[in-house]
Amino acid sequence: MPGGPAMTRATVFACVFLLFQSALAHDVDLTKLPLGDGHLSSAPQVGYIWACRVDPGGGGAQLDGPWINKAAGTYDFTKKAVVSGQVTWRPNFKMALNGAARVFTSNDLPNHPTGNFPVSPTDEAYRYDRNPNSIREQSVTVTLPANPVAAAAPTCAPGAVGILLTGSVLFNALDAPGRDAVAHEAQDSCQGHPQISGVYHYHSVTTCMDDKRLPGGHSTLVGYALDGFGIFGRFGEKGEALSSSDLDACHGHSHAIPWDGKTVVMYHYHATPDFPYSVGCFHGSYSLENVRAISGPPPQGRGRGQPIGGNGGFGPPGR
Ligand SMILES: [Zn+2]
Ligand SMILES: [Zn+2]
């Protein structure tokens, strides 16, 4: 019986099924994403964020949406209220290699449409998060190491963690009071929104950027973390969909990647649909100057927040 046409077909089906299974092995269910509330640590920990600080009095959504299931510790990303609108902007994003430095300039306006902000009282999202801020052009200059190296030990993630190739900035997974920002905050269909000084930002890698693939299936570069390491999309070396459990505590790993036209074995972060979405801590060193540069002007009259992890740090103002 082995070798008969039926067996061959069954074997092929089995192989295809196994391949399919392995490709999906670590895929996550967008309707039951882990709610990151309380997933804060004071040391590197997979699936958690080691945040430098949170601000218990900071702004954020005023009401939990029905997509959040606190008892189960999950939320349904597909049912989340989305801030409506199709506002287009004039981005001005440039990146240049200058010796050992990679220099970015950006007005922070994204290369994709955004929702209408402030959130309109007629918008369903307003019921949960009355974000009163408007998107405002910024003047961002960031200089990162072109060829970053690992720090002696990982460090906590400040509030602002990187810049995406859309031209807009990436904050960490938390809202100002330290909850899962992607679960709670009203964001537009590109997962962005403005904070108190008008900085349009994401808390996860936007789905409005194509997750393109390299030969072999690994995602292409989608942005840079403030330690200079690259942020790639959600697909790993074999083209498999990654989740946080496939990555180290800082949300990255090392293998050969394309880097400025060469192939090098290098650390890099990955985007995943599950908490903490992007950088969970920093693998390399970063400067507070760059954190400030992408956080926007400091807020007026706010508390300083409570450092987590003992070394203070600096977070983005509000939201
Ligand atoms: Zn990778
Ligand atoms: Zn935010």
# chains A, B, ... in the order shown; residues from 1 in each chain; ligands from 1
$ residues_near_ligand --ligand "ligand 1" --cutoff "7 Å" --atoms "only C-alpha atoms and all ligand atoms" --output "list of chain:residue names"
A:His218, A:Gly236, A:Glu237, A:His253, A:Ser254, A:His255, A:His268, A:His270
$ select_by_dssp --residues "region 44-230 of chain A" --states "helix (DSSP H, G or I)" --output "mmCIF file with N, CA and C atoms, in the first residue's frame"
data_model
loop_
_atom_site.group_PDB
_atom_site.id
_atom_site.type_symbol
_atom_site.label_atom_id
_atom_site.label_comp_id
_atom_site.auth_asym_id
_atom_site.auth_seq_id
_atom_site.Cartn_x
_atom_site.Cartn_y
_atom_site.Cartn_z
ATOM 1 N N PHE A 77 -8.872 42.775 19.284
ATOM 2 C CA PHE A 77 -8.360 43.882 18.465
ATOM 3 C C PHE A 77 -9.320 44.196 17.311
ATOM 4 N N THR A 78 -10.010 43.163 16.810
ATOM 5 C CA THR A 78 -10.874 43.343 15.638
ATOM 6 C C THR A 78 -12.164 44.079 15.974
ATOM 7 N N LYS A 79 -12.468 44.202 17.285
ATOM 8 C CA LYS A 79 -13.720 44.852 17.681
ATOM 9 C C LYS A 79 -13.476 46.241 18.267
ATOM 10 N N GLU A 124 -17.600 57.112 17.486
ATOM 11 C CA GLU A 124 -17.849 56.064 18.493
ATOM 12 C C GLU A 124 -16.691 55.976 19.487
ATOM 13 N N ALA A 125 -15.467 56.207 18.991
ATOM 14 C CA ALA A 125 -14.281 56.103 19.856
ATOM 15 C C ALA A 125 -14.313 57.111 20.995
ATOM 16 N N TYR A 126 -15.068 58.204 20.790
ATOM 17 C CA TYR A 126 -15.153 59.268 21.806
ATOM 18 C C TYR A 126 -15.761 58.758 23.106
ATOM 19 N N ARG A 127 -16.611 57.747 22.994
ATOM 20 C CA ARG A 127 -17.223 57.186 24.209
ATOM 21 C C ARG A 127 -16.172 56.642 25.165
ATOM 22 N N ALA A 181 -1.472 50.342 25.935
ATOM 23 C CA ALA A 181 -1.976 51.464 25.131
ATOM 24 C C ALA A 181 -2.740 50.988 23.905
ATOM 25 N N VAL A 182 -2.309 49.885 23.307
ATOM 26 C CA VAL A 182 -2.975 49.411 22.086
ATOM 27 C C VAL A 182 -4.381 48.907 22.415
ATOM 28 N N ALA A 183 -4.539 48.342 23.600
ATOM 29 C CA ALA A 183 -5.856 47.841 24.008
ATOM 30 C C ALA A 183 -6.789 48.975 24.419
ATOM 31 N N HIS A 184 -6.254 49.979 25.102
ATOM 32 C CA HIS A 184 -7.113 50.992 25.720
ATOM 33 C C HIS A 184 -7.310 52.252 24.892
#
$ atom_distance --atom1 "CA of Ala176 (chain A)" --atom2 "CA of Val87 (chain A)"
25.4 Å
$ residues_around --residues "Asp211 (chain A)" --least-positions-apart "5" --cutoff "7 Å" --atoms "only C-alpha atoms" --output "VMD selection string"
chain A and resid 219 to 220 233
$ write_last_selection --atoms "all heavy atoms" --output "PDB file, in the first residue's frame"
ATOM      1  N   SER A 219      10.662  39.420   7.239  1.00  0.00           N
ATOM      2  CA  SER A 219      10.146  40.766   6.957  1.00  0.00           C
ATOM      3  C   SER A 219      11.270  41.721   6.594  1.00  0.00           C
ATOM      4  O   SER A 219      12.431  41.506   6.954  1.00  0.00           O
ATOM      5  CB  SER A 219       9.447  41.326   8.197  1.00  0.00           C
ATOM      6  OG  SER A 219       8.251  40.641   8.445  1.00  0.00           O
ATOM      7  N   THR A 220      10.892  42.798   5.937  1.00  0.00           N
ATOM      8  CA  THR A 220      11.853  43.878   5.679  1.00  0.00           C
ATOM      9  C   THR A 220      11.875  44.837   6.872  1.00  0.00           C
ATOM     10  O   THR A 220      11.046  44.748   7.783  1.00  0.00           O
ATOM     11  CB  THR A 220      11.474  44.653   4.404  1.00  0.00           C
ATOM     12  OG1 THR A 220      10.131  45.124   4.552  1.00  0.00           O
ATOM     13  CG2 THR A 220      11.575  43.767   3.175  1.00  0.00           C
ATOM     14  N   GLY A 233       9.380  43.781  10.442  1.00  0.00           N
ATOM     15  CA  GLY A 233       7.975  43.372  10.538  1.00  0.00           C
ATOM     16  C   GLY A 233       7.825  42.087  11.327  1.00  0.00           C
ATOM     17  O   GLY A 233       8.730  41.666  12.056  1.00  0.00           O
TER      18      GLY A 233
END
